[in-house]
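S.K.: My structure is in my_file_8.txt, and what it holds is compact mmCIF, C-alpha atoms:
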```
# COMPACT_ATOMS: atom_id res chain seq x y z
CA MET A 24 59.08 54.83 42.63
CA ARG A 25 60.19 53.51 39.22
CA ARG A 26 59.56 49.90 40.28
CA PHE A 27 56.15 50.85 41.61
CA LEU A 28 55.14 52.55 38.34
CA ALA A 29 56.43 49.64 36.28
CA PHE A 30 54.53 47.19 38.48
CA ALA A 31 51.38 49.37 38.27
CA GLY A 32 51.63 49.48 34.48
CA VAL A 33 51.97 45.70 34.22
CA VAL A 34 49.07 45.13 36.65
CA LEU A 35 46.94 47.60 34.67
CA CYS A 36 47.59 45.80 31.37
CA LEU A 37 46.83 42.40 32.92
CA ALA A 38 43.65 43.72 34.53
CA LEU A 39 42.42 45.21 31.27
CA ALA A 40 43.24 42.01 29.39
CA TRP A 41 41.11 40.10 31.91
CA VAL A 42 38.20 42.52 32.28
CA ILE A 43 37.67 43.76 28.72
CA PRO A 44 37.04 40.32 27.17
CA ALA A 45 34.24 39.82 29.66
CA THR A 46 32.33 42.60 27.91
CA ALA A 47 33.57 41.85 24.40
CA GLN A 48 31.66 40.12 21.67
CA ASN A 49 32.68 36.73 20.41
CA GLU A 50 34.31 37.33 17.02
CA ASP A 51 33.85 33.74 15.87
CA GLU A 52 30.06 33.90 15.59
CA PRO A 53 27.42 36.64 15.28
CA ASP A 54 26.15 38.16 18.50
CA GLN A 55 22.51 37.11 18.57
CA SER A 56 21.80 39.33 21.58
CA GLN A 57 22.55 42.52 19.66
CA PRO A 58 19.86 44.09 17.44
CA THR A 59 20.31 44.17 13.67
CA VAL A 60 19.92 47.80 12.64
CA LEU A 61 20.16 50.22 9.76
CA THR A 62 21.38 53.64 10.82
CA GLY A 63 22.68 56.91 9.46
CA THR A 64 23.08 60.65 9.91
CA LEU A 65 21.46 63.12 7.55
CA ARG A 66 23.60 66.22 7.31
CA LEU A 67 25.16 68.70 4.92
CA GLY A 68 28.91 68.97 5.43
CA PHE A 69 29.85 68.87 9.11
CA ASP A 70 27.77 71.69 10.53
CA GLN A 71 24.18 71.39 9.23
CA PHE A 72 21.90 68.60 10.48
CA PHE A 73 18.37 67.82 9.34
CA ALA A 74 15.71 66.81 11.87
CA GLY A 75 12.23 65.46 11.19
CA VAL A 76 13.08 63.64 7.95
CA GLU A 77 11.30 60.29 7.46
CA ILE A 78 13.29 57.16 6.58
CA THR A 79 11.66 53.79 5.83
CA ALA A 80 13.09 50.30 5.31
CA ALA A 81 11.48 47.52 3.27
CA ASP A 82 12.45 43.98 2.34
CA GLN A 83 13.09 42.85 -1.23
CA SER A 84 9.37 42.17 -1.70
CA GLY A 85 8.54 45.77 -0.88
CA ASN A 86 7.02 45.05 2.55
CA GLN A 87 7.85 47.82 5.00
CA VAL A 88 9.75 46.54 8.05
CA GLY A 89 10.54 49.76 9.88
CA GLN A 90 10.37 53.54 9.92
CA ALA A 91 12.32 56.29 11.69
CA THR A 92 12.52 60.07 11.89
CA THR A 93 15.82 61.94 12.23
CA ASP A 94 16.52 63.66 15.55
CA GLN A 95 18.09 67.07 16.23
CA ASP A 96 21.53 65.75 15.23
CA GLY A 97 20.22 64.20 12.02
CA ARG A 98 20.53 60.64 13.36
CA TRP A 99 18.09 57.82 12.63
CA THR A 100 18.00 54.09 13.44
CA ILE A 101 15.72 51.33 12.18
CA GLU A 102 15.83 47.86 13.74
CA VAL A 103 15.19 45.15 11.16
CA PRO A 104 14.00 41.61 11.91
CA ALA A 105 16.96 39.69 10.44
CA ALA A 106 20.08 39.90 8.34
CA GLY A 107 19.61 40.45 4.63
CA ASP A 108 19.17 43.02 1.85
CA TYR A 109 16.84 45.95 2.46
CA LEU A 110 15.56 48.90 0.47
CA VAL A 111 16.00 52.13 2.46
CA THR A 112 13.97 55.12 1.29
CA LEU A 113 14.17 58.79 2.21
CA ASN A 114 10.90 60.74 2.00
CA GLU A 115 11.98 63.79 0.00
CA ARG A 116 8.83 65.68 0.96
CA THR A 117 10.01 65.80 4.58
CA LEU A 118 13.33 67.50 3.71
CA PRO A 119 13.66 71.16 4.75
CA GLU A 120 12.74 73.80 2.21
CA GLY A 121 15.56 74.45 -0.22
CA ILE A 122 17.22 71.06 0.41
CA SER A 123 17.00 68.13 -1.99
CA LEU A 124 18.97 65.03 -2.84
CA ARG A 125 22.20 65.67 -4.68
CA GLU A 126 21.93 65.44 -8.44
CA GLY A 127 22.41 61.89 -9.67
CA TYR A 128 21.38 60.26 -6.36
CA GLN A 129 18.16 58.34 -5.74
CA SER A 130 15.84 58.48 -2.74
CA THR A 131 15.96 54.67 -2.40
CA THR A 132 19.16 52.73 -1.85
CA GLU A 133 19.87 49.06 -1.16
CA ALA A 134 21.76 48.06 2.00
CA THR A 135 23.00 44.68 3.22
CA VAL A 136 23.22 44.13 6.98
CA LEU A 137 24.64 41.16 8.94
CA GLN A 138 22.99 39.54 11.94
CA GLY A 139 23.65 41.50 15.15
CA ALA A 140 25.47 44.24 13.24
CA SER A 141 24.82 47.89 12.44
CA ARG A 142 24.91 49.10 8.81
CA ALA A 143 25.36 52.80 8.02
CA VAL A 144 23.30 54.14 5.11
CA VAL A 145 24.25 57.44 3.47
CA PHE A 146 21.94 59.81 1.60
CA ALA A 147 23.75 62.58 -0.28
CA VAL A 148 21.86 65.86 -0.04
CA GLY A 149 22.42 68.81 -2.32
CA GLU A 150 24.17 72.13 -1.90
CA ALA A 151 23.47 74.53 0.92
CA PRO A 152 20.45 76.80 0.53
CA LYS A 153 21.22 79.71 -1.78
CA GLY A 154 20.09 82.13 0.89
CA THR A 155 22.90 81.16 3.27
CA PRO A 156 25.52 83.93 3.12
CA PHE A 157 29.11 82.90 2.51
CA GLY A 158 30.18 84.78 5.64
CA GLU A 159 27.94 82.67 7.88
CA ARG A 160 29.21 79.43 6.41
CA ALA A 161 32.80 80.68 6.77
CA ALA A 162 32.24 81.60 10.44
CA GLN A 163 30.80 78.14 11.17
CA THR A 164 33.71 76.33 9.51
CA VAL A 165 36.21 78.49 11.42
CA PHE A 166 34.63 77.36 14.71
CA ASN A 167 34.67 73.73 13.54
CA GLY A 168 38.32 74.16 12.57
CA LEU A 169 39.18 75.63 15.97
CA LYS A 170 37.52 72.70 17.75
CA PHE A 171 39.18 70.13 15.50
CA GLY A 172 42.57 71.83 15.77
CA LEU A 173 42.40 71.88 19.58
CA ILE A 174 41.62 68.15 19.67
CA ILE A 175 44.60 67.46 17.40
CA ALA A 176 46.80 69.75 19.51
CA MET A 177 45.96 67.96 22.76
CA SER A 178 47.06 64.67 21.20
CA ALA A 179 50.06 66.14 19.37
CA ILE A 180 51.74 67.82 22.34
CA GLY A 181 52.48 64.49 24.03
CA LEU A 182 54.00 63.09 20.83
CA SER A 183 56.19 66.17 20.46
CA LEU A 184 57.37 66.11 24.08
CA VAL A 185 58.33 62.42 23.91
CA TYR A 186 60.30 63.10 20.74
CA GLY A 187 62.01 66.11 22.31
CA THR A 188 63.26 64.23 25.36
CA THR A 189 64.01 60.81 23.82
CA GLY A 190 64.23 61.33 20.05
CA LEU A 191 61.53 58.66 19.61
CA VAL A 192 58.84 59.07 16.94
CA ASN A 193 56.00 57.06 18.43
CA PHE A 194 53.83 55.55 15.68
CA ALA A 195 51.67 53.94 18.38
CA HIS A 196 50.52 57.37 19.57
CA GLY A 197 47.28 57.05 17.59
CA GLU A 198 46.41 53.88 19.49
CA LEU A 199 46.95 55.76 22.77
CA VAL A 200 44.32 58.24 21.57
CA THR A 201 41.95 55.37 20.75
CA PHE A 202 42.73 53.69 24.09
CA GLY A 203 41.61 56.81 25.97
CA ALA A 204 38.32 56.99 24.06
CA VAL A 205 37.60 53.27 24.55
CA ILE A 206 38.45 53.20 28.27
CA ALA A 207 36.25 56.26 28.87
CA TRP A 208 33.43 54.47 27.02
CA TYR A 209 33.79 51.42 29.28
CA PHE A 210 33.76 53.62 32.39
CA ASN A 211 30.73 55.45 30.99
CA THR A 212 28.75 52.31 30.10
CA SER A 213 30.00 49.10 31.73
CA TRP A 214 32.37 49.87 34.59
CA GLY A 215 30.09 51.70 37.01
CA SER A 216 28.14 53.72 34.42
CA LEU A 217 30.01 56.85 35.45
CA ASN A 218 29.09 60.29 34.21
CA LEU A 219 31.32 61.12 31.25
CA VAL A 220 33.15 63.81 33.22
CA LEU A 221 34.08 61.32 35.94
CA ALA A 222 34.86 58.71 33.27
CA ALA A 223 37.27 61.15 31.62
CA LEU A 224 39.05 61.82 34.93
CA ALA A 225 39.40 58.08 35.57
CA THR A 226 40.67 57.64 32.01
CA MET A 227 43.40 60.22 32.62
CA VAL A 228 44.67 58.17 35.57
CA VAL A 229 44.56 54.92 33.58
CA CYS A 230 46.37 56.48 30.59
CA GLY A 231 49.01 58.01 32.88
CA LEU A 232 49.70 54.61 34.42
CA LEU A 233 49.85 53.05 30.96
CA GLY A 234 52.41 55.64 29.85
CA ALA A 235 54.50 55.02 32.96
CA GLY A 236 54.37 51.27 32.37
CA MET A 237 55.40 51.65 28.72
CA GLU A 238 58.40 53.79 29.64
CA THR A 239 59.67 51.80 32.63
CA GLY A 240 58.71 48.35 31.36
CA LEU A 241 59.56 48.63 27.66
CA PHE A 242 61.35 51.67 26.27
CA ARG A 243 63.80 52.29 29.11
CA PRO A 244 65.11 48.68 29.06
CA LEU A 245 65.41 48.93 25.26
CA ARG A 246 67.41 52.15 25.54
CA ARG A 247 69.69 50.49 28.10
CA LYS A 248 70.34 47.77 25.52
CA ARG A 249 71.46 50.61 23.23
CA LEU A 250 68.85 50.03 20.57
CA GLY A 251 69.00 52.70 17.90
CA ILE A 252 66.23 55.17 17.08
CA PHE A 253 65.30 53.24 13.93
CA GLN A 254 64.93 50.01 15.91
CA LEU A 255 62.77 51.76 18.50
CA LEU A 256 60.67 53.24 15.71
CA VAL A 257 60.03 49.71 14.36
CA VAL A 258 58.97 48.70 17.88
CA THR A 259 56.39 51.52 17.95
CA ILE A 260 55.03 50.41 14.56
CA GLY A 261 54.60 46.89 15.95
CA LEU A 262 52.88 48.29 19.04
CA SER A 263 50.56 50.30 16.79
CA LEU A 264 49.49 47.21 14.83
CA LEU A 265 49.11 45.12 17.99
CA GLY A 266 47.17 47.79 19.85
CA ARG A 267 44.81 48.41 16.95
CA GLN A 268 43.98 44.73 16.59
CA LEU A 269 43.51 44.21 20.33
CA ILE A 270 41.19 47.20 20.58
CA GLN A 271 39.18 45.95 17.61
CA LEU A 272 39.05 42.44 19.08
CA PHE A 273 37.85 43.49 22.53
CA PHE A 274 35.85 46.62 21.67
CA GLY A 275 34.27 45.53 18.39
CA PRO A 276 34.37 46.97 14.88
CA GLU A 277 31.30 49.21 14.98
CA PRO A 278 31.29 52.91 16.04
CA VAL A 279 29.40 53.57 19.27
CA PRO A 280 28.58 56.79 21.15
CA TYR A 281 28.93 57.73 24.79
CA THR A 282 25.71 57.61 26.79
CA ASP A 283 25.94 61.27 27.88
CA PHE A 284 25.58 64.56 25.99
CA GLN A 285 24.32 63.06 22.72
CA VAL A 286 20.97 64.66 21.90
CA GLN A 287 21.24 68.40 22.53
CA GLN A 288 19.46 71.48 21.26
CA ARG A 289 21.75 73.65 19.14
CA TRP A 290 22.52 77.20 20.29
CA GLU A 291 22.43 80.07 17.83
CA PHE A 292 25.06 82.78 18.33
CA GLY A 293 24.97 85.11 15.36
CA PRO A 294 26.40 83.11 12.43
CA TRP A 295 27.31 80.16 14.65
CA SER A 296 25.16 77.13 15.39
CA VAL A 297 26.71 74.97 18.11
CA THR A 298 25.70 72.43 20.72
CA PRO A 299 26.54 72.86 24.42
CA ARG A 300 28.98 69.93 24.27
CA GLU A 301 30.93 71.65 21.48
CA VAL A 302 31.29 74.80 23.56
CA VAL A 303 32.34 72.80 26.62
CA THR A 304 34.82 70.83 24.51
CA VAL A 305 36.54 73.98 23.25
CA VAL A 306 36.63 75.63 26.69
CA ALA A 307 37.84 72.45 28.46
CA ILE A 308 40.63 71.80 25.93
CA ILE A 309 41.82 75.41 26.14
CA ALA A 310 41.89 75.17 29.96
CA VAL A 311 43.87 71.89 29.85
CA LEU A 312 46.34 73.22 27.29
CA VAL A 313 46.86 76.45 29.22
CA GLY A 314 47.47 74.43 32.40
CA ALA A 315 49.94 72.16 30.61
CA GLY A 316 51.67 75.17 29.10
CA LEU A 317 52.08 76.87 32.48
CA VAL A 318 53.51 73.67 33.95
CA LEU A 319 56.00 73.30 31.12
CA GLN A 320 56.98 76.96 31.18
CA PHE A 321 57.31 77.79 34.88
CA SER A 322 57.60 74.59 36.95
CA ARG A 323 60.82 72.78 37.82
CA PHE A 324 59.57 69.85 35.77
CA GLY A 325 59.12 72.10 32.74
CA LYS A 326 62.59 73.59 33.07
CA ALA A 327 64.10 70.12 33.49
CA THR A 328 62.20 68.92 30.42
CA ARG A 329 63.59 71.75 28.31
CA ALA A 330 67.09 71.02 29.62
CA VAL A 331 66.81 67.32 28.73
CA SER A 332 65.44 68.21 25.28
CA ASP A 333 68.36 70.56 24.61
CA ASN A 334 71.17 68.31 25.87
CA PRO A 335 70.48 65.14 27.87
CA GLY A 336 74.14 64.58 28.76
CA LEU A 337 74.65 68.11 30.06
CA ALA A 338 71.33 67.95 31.94
CA GLU A 339 72.42 64.73 33.68
CA ALA A 340 75.80 66.23 34.51
CA SER A 341 73.98 69.21 36.05
CA GLY A 342 72.17 66.93 38.50
CA ILE A 343 68.90 66.41 36.64
CA ASN A 344 67.47 62.89 36.85
CA VAL A 345 66.94 62.32 33.13
CA ASN A 346 65.08 59.02 33.55
CA ARG A 347 62.60 60.63 35.94
CA VAL A 348 61.98 63.53 33.54
CA VAL A 349 61.40 61.13 30.63
CA LEU A 350 59.05 59.07 32.82
CA TRP A 351 56.86 62.06 33.65
CA VAL A 352 56.93 63.22 30.05
CA TRP A 353 55.48 59.83 29.08
CA VAL A 354 52.84 60.16 31.80
CA LEU A 355 51.88 63.65 30.63
CA GLY A 356 51.95 62.69 26.95
CA THR A 357 49.75 59.60 27.27
CA THR A 358 47.34 61.44 29.57
CA LEU A 359 46.87 64.24 27.03
CA ALA A 360 46.54 61.68 24.20
CA GLY A 361 43.87 59.73 26.09
CA LEU A 362 41.94 62.90 26.94
CA GLY A 363 42.15 63.96 23.30
CA GLY A 364 40.60 60.62 22.38
CA VAL A 365 37.73 61.26 24.80
CA PHE A 366 36.94 64.61 23.18
CA GLN A 367 37.24 63.20 19.66
CA GLY A 368 34.98 60.28 20.60
CA LEU A 369 32.44 62.73 22.00
CA ASP A 370 32.49 64.61 18.72
CA THR A 371 32.42 61.69 16.24
CA ASP A 372 31.66 58.47 18.21
CA ILE A 373 34.26 55.85 19.16
CA ASP A 374 35.67 53.22 16.85
CA PRO A 375 38.90 51.16 16.82
CA PHE A 376 40.44 53.36 14.11
CA LEU A 377 39.72 56.71 15.76
CA GLY A 378 43.32 57.45 16.70
CA PHE A 379 44.77 55.89 13.56
CA GLN A 380 42.64 58.23 11.44
CA LEU A 381 44.00 61.20 13.42
CA LEU A 382 47.63 60.05 13.32
CA LEU A 383 48.47 61.68 9.99
CA LEU A 384 46.95 64.95 11.17
CA ILE A 385 48.87 64.72 14.44
CA PHE A 386 52.13 64.19 12.57
CA ALA A 387 51.26 67.05 10.21
CA GLY A 388 50.63 69.39 13.16
CA VAL A 389 53.85 68.38 14.93
CA GLU A 390 55.93 68.68 11.74
CA LEU A 391 54.36 72.02 10.87
CA GLY A 392 55.15 73.45 14.31
CA GLY A 393 58.50 71.70 14.72
CA PHE A 394 59.27 68.35 16.34
CA GLY A 395 60.18 68.56 20.01
CA THR A 396 58.40 71.83 20.82
CA GLY A 397 55.10 71.79 22.69
CA PHE A 398 54.17 75.32 21.60
CA GLY A 399 55.02 74.47 18.01
CA ALA A 400 52.78 71.39 18.13
CA LEU A 401 49.93 73.57 19.41
CA VAL A 402 50.27 76.19 16.69
CA GLY A 403 50.83 73.62 13.95
CA SER A 404 47.80 71.58 15.01
CA LEU A 405 45.57 74.66 15.05
CA ILE A 406 46.71 75.53 11.52
CA ILE A 407 46.07 71.96 10.33
CA GLY A 408 42.62 71.76 11.96
CA MET A 409 41.59 75.21 10.71
CA SER A 410 42.78 74.67 7.13
CA THR A 411 41.16 71.22 6.99
CA GLU A 412 37.70 72.53 7.91
CA VAL A 413 37.87 75.87 6.10
CA SER A 414 38.85 74.11 2.89
CA THR A 415 35.32 72.63 2.74
CA LEU A 416 34.09 76.07 1.65
CA TRP A 417 35.67 75.41 -1.76
CA ILE A 418 36.22 71.65 -2.02
CA SER A 419 34.14 68.57 -1.23
CA PRO A 420 34.24 67.53 2.47
CA GLU A 421 35.36 64.07 1.32
CA LEU A 422 38.60 65.66 0.04
CA LYS A 423 39.36 67.90 3.00
CA PHE A 424 42.08 65.61 4.44
CA VAL A 425 44.15 66.25 1.29
CA VAL A 426 44.89 69.72 2.69
CA PRO A 427 46.94 68.62 5.75
CA LEU A 428 48.78 66.08 3.59
CA ALA A 429 49.72 68.82 1.12
CA ALA A 430 50.76 71.08 4.02
CA LEU A 431 52.94 68.30 5.46
CA ILE A 432 54.67 67.69 2.12
CA GLY A 433 55.18 71.40 1.54
CA MET A 434 56.64 71.97 5.00
CA VAL A 435 59.06 69.05 4.63
CA LEU A 436 60.26 70.47 1.31
CA LEU A 437 60.47 74.14 2.26
CA ARG A 438 61.27 74.17 5.98
CA PRO A 439 62.00 70.68 7.36
CA GLN A 440 62.55 71.94 10.92
CA GLY A 441 59.03 73.39 11.11
CA LEU A 442 57.83 76.86 12.05
CA PHE A 443 59.43 76.87 15.52
CA GLY A 444 62.12 74.21 15.05
CA ILE A 445 65.84 74.81 14.91
CA LYS A 446 68.14 73.65 12.13
CA ALA A 447 70.48 70.85 13.19
CA ARG A 448 73.14 68.84 11.44
CA VAL A 449 72.23 65.15 11.09
CA GLY A 450 74.86 62.41 10.70
```
What is this file in structure tokens?
M.R.:
Amino acid sequence: MRRFLAFAGVVLCLALAWVIPATAQNEDEPDQSQPTVLTGTLRLGFDQFFAGVEITAADQSGNQVGQATTDQDGRWTIEVPAAGDYLVTLNERTLPEGISLREGYQSTTEATVLQGASRAVVFAVGEAPKGTPFGERAAQTVFNGLKFGLIIAMSAIGLSLVYGTTGLVNFAHGELVTFGAVIAWYFNTSWGSLNLVLAALATMVVCGLLGAGMETGLFRPLRRKRLGIFQLLVVTIGLSLLGRQLIQLFFGPEPVPYTDFQVQQRWEFGPWSVTPREVVTVVAIIAVLVGAGLVLQFSRFGKATRAVSDNPGLAEASGINVNRVVLWVWVLGTTLAGLGGVFQGLDTDIDPFLGFQLLLLIFAGVELGGFGTGFGALVGSLIIGMSTEVSTLWISPELKFVVPLAALIGMVLLRPQGLFGIKARVG
């Protein structure tokens, strides 16, 4: 079985290395087949989007070259004839009542776009309408924090389980999250144009095989050579850099969305305004996490995992196949990481740095809950996600990621073992 999984992992990596470049852009020269576009999203914070706002683009001579109107999610796109500098103008008269450009910002901005590339243009709108009660805004940010925390938790549990059974802190875990989002995008667009649900299921299988290949083909042989934890940690840092560059090389540098579930009418539930995909995301993640929790708590695999985490030598002496347990922990961890990448990509679009941007938050959630505990990673991630979003009620959204960093530093100083961790002597 181990040889089969190792062989499957190697075959998978070779197949992806052969297939992905066939759909990749040539990095040495601009892709003339791709349109040259100006794009953006008009929103206030992360929960209020503005539809029906007119955006125009003109060349340096003032000749209009394109016009667009924002959709229900505040998105707009203008295709321009060639690379160059353009003047992008927002028609302030089409903004909703009570909304205006933020003080100090102009309605016209200059943007430079390359041939065959997409350039994002940002217009900073003002504060929320004065008639919006604080309670409604607080309720909306709590829902956003719950969704964000669940996505972090799905990715963090795998990292925590791998650490608990092997002692390895995997700095390449963020790239596993990105890998899941990218593979699902290929299944959804190029490899059969599968519905996103089917693409996500296929991605889980691919990520599970990748995790099995990494364990049997790389980390297990390194452990047999008696490499220390620090040396293995350096290996994961190298894998992180390599994986990030390969994904950027084959996938491209620009964010792209899935083809399904993009333009949706928002539902109003009391103080909450949500899209159907956001509701499905929360429900699906809760179902997956509950299923994973039941497996870890009541199955033989879960009991063996806890035994290996507590004392690998004693577990092996008791008849538990430690290598098999570690193998399946890697399979479960990479599967959850890949699925977390799919949900994050559905929420924010996919780009080569998606998982890397989440990595600090994943580490903060795992450290807050306690390394090596799946339940602790869940609770810690929910706290990180909730505090990150709720903090936007008082601070600028651009500064919200300072909150998890401060929480991580504070937890390391005050309780290094985390909320659910156990003190242990080191050295």
S.K.: Between atom CA of Ser263 of chain A and atom CA of Ala195 of chain A, measure the distance and give it in Å to one decimal.
M.R.: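 So the two atoms, atom CA of Ser263 of chain A and atom CA of Ala195 of chain A, lie 4.1 Å apart.
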S.K.: Fewer than 2 positions away in the same chain doesn't count, so skip those; otherwise give me all residues within 9 Å of segment 396-400 of chain A, counting only C-alpha atoms, as a ChimeraX atom specification.
M.R.: /A:176-177,179-184,186-187,316,319,385,388-394,402-405,441-444
S.K.: How many Å lie between atom CA of Gln163 of chain A and atom CA of Asn114 of chain A, rounded to one decimal?
M.R.: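 Atom CA of Asn114 of chain A lies 28.0 Å from atom CA of Gln163 of chain A.
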S.K.: For a test of reading the model, state the distance in Å between atom CA of Gly89 of chain A and atom CA of Leu61 of chain A, rounded to one decimal.
M.R.: 9.6 Å
S.K.: Choose the residue, out of A:Asp370, A:Leu264, A:Thr188, A:Ser130, that has the smallest atom-to-atom separation from Pro335 of chain A; count all atoms listed in the file.
M.R.: A:Thr188
S.K.: Mind checking which residues fall within 12 Å of Glu277 of chain A, counting only C-alpha atoms, ignoring those fewer than 5 positions away in the same chain, and posting them as an MDAnalysis selection string?
M.R.: chainID A and resid 48 57 60 62 139:143 270:272 372:377
S.K.: Go through A:Thr131, A:Thr201, A:Gln440, A:Thr112 and flag the residue nearest Gln268 of chain A, using only C-alpha atoms for the distances.
M.R.: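 Checking each candidate against Gln268 of chain A, we get A:Thr201 as the closest.
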S.K.: Within 10 Å of Gly97 of chain A, counting only C-alpha atoms, which residues qualify if same-chain residues fewer than 3 places away don't, as a ChimeraX atom specification?
M.R.: /A:63-67,71-76,92-94,286
S.K.: A:Leu431, A:Ala330, A:Ile206, A:Ala106: which is nearest Ala223 of chain A, counting all atoms listed in the file?
M.R.: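 Checking each of A:Leu431, A:Ala330, A:Ile206, A:Ala106 against Ala223 of chain A, counting all atoms listed in the file, the winner is A:Ile206.
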S.K.: Can you take the partial segment 104-116 of chain A, add N, CA and C atoms, and return it as a CSV table (one decimal), in the coordinates of the input?
M.R.:
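File produced: part_16.csv:
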```csv
chain,number,residue,atom,x,y,z
A,104,PRO,N,14.2,42.9,11.3
A,104,PRO,CA,14.0,41.6,11.9
A,104,PRO,C,15.1,40.6,11.8
A,105,ALA,N,15.9,40.7,10.7
A,105,ALA,CA,17.0,39.7,10.4
A,105,ALA,C,18.0,40.2,9.5
A,106,ALA,N,19.1,39.5,9.3
A,106,ALA,CA,20.1,39.9,8.3
A,106,ALA,C,19.5,39.8,6.9
A,107,GLY,N,20.1,40.6,6.0
A,107,GLY,CA,19.6,40.4,4.6
A,107,GLY,C,19.8,41.8,3.9
A,108,ASP,N,19.1,41.8,2.7
A,108,ASP,CA,19.2,43.0,1.8
A,108,ASP,C,17.9,43.8,2.1
A,109,TYR,N,18.0,45.1,2.2
A,109,TYR,CA,16.8,46.0,2.5
A,109,TYR,C,16.9,47.2,1.5
A,110,LEU,N,15.7,47.7,1.2
A,110,LEU,CA,15.6,48.9,0.5
A,110,LEU,C,15.2,50.0,1.4
A,111,VAL,N,16.1,51.0,1.5
A,111,VAL,CA,16.0,52.1,2.5
A,111,VAL,C,15.6,53.4,1.7
A,112,THR,N,14.5,54.0,2.1
A,112,THR,CA,14.0,55.1,1.3
A,112,THR,C,13.9,56.4,2.1
A,113,LEU,N,14.3,57.5,1.6
A,113,LEU,CA,14.2,58.8,2.2
A,113,LEU,C,13.0,59.5,1.6
A,114,ASN,N,12.1,60.0,2.5
A,114,ASN,CA,10.9,60.7,2.0
A,114,ASN,C,11.3,62.2,1.7
A,115,GLU,N,11.5,62.5,0.4
A,115,GLU,CA,12.0,63.8,0.0
A,115,GLU,C,11.0,64.9,0.4
A,116,ARG,N,9.8,64.6,0.6
A,116,ARG,CA,8.8,65.7,1.0
A,116,ARG,C,9.1,66.2,2.4
```
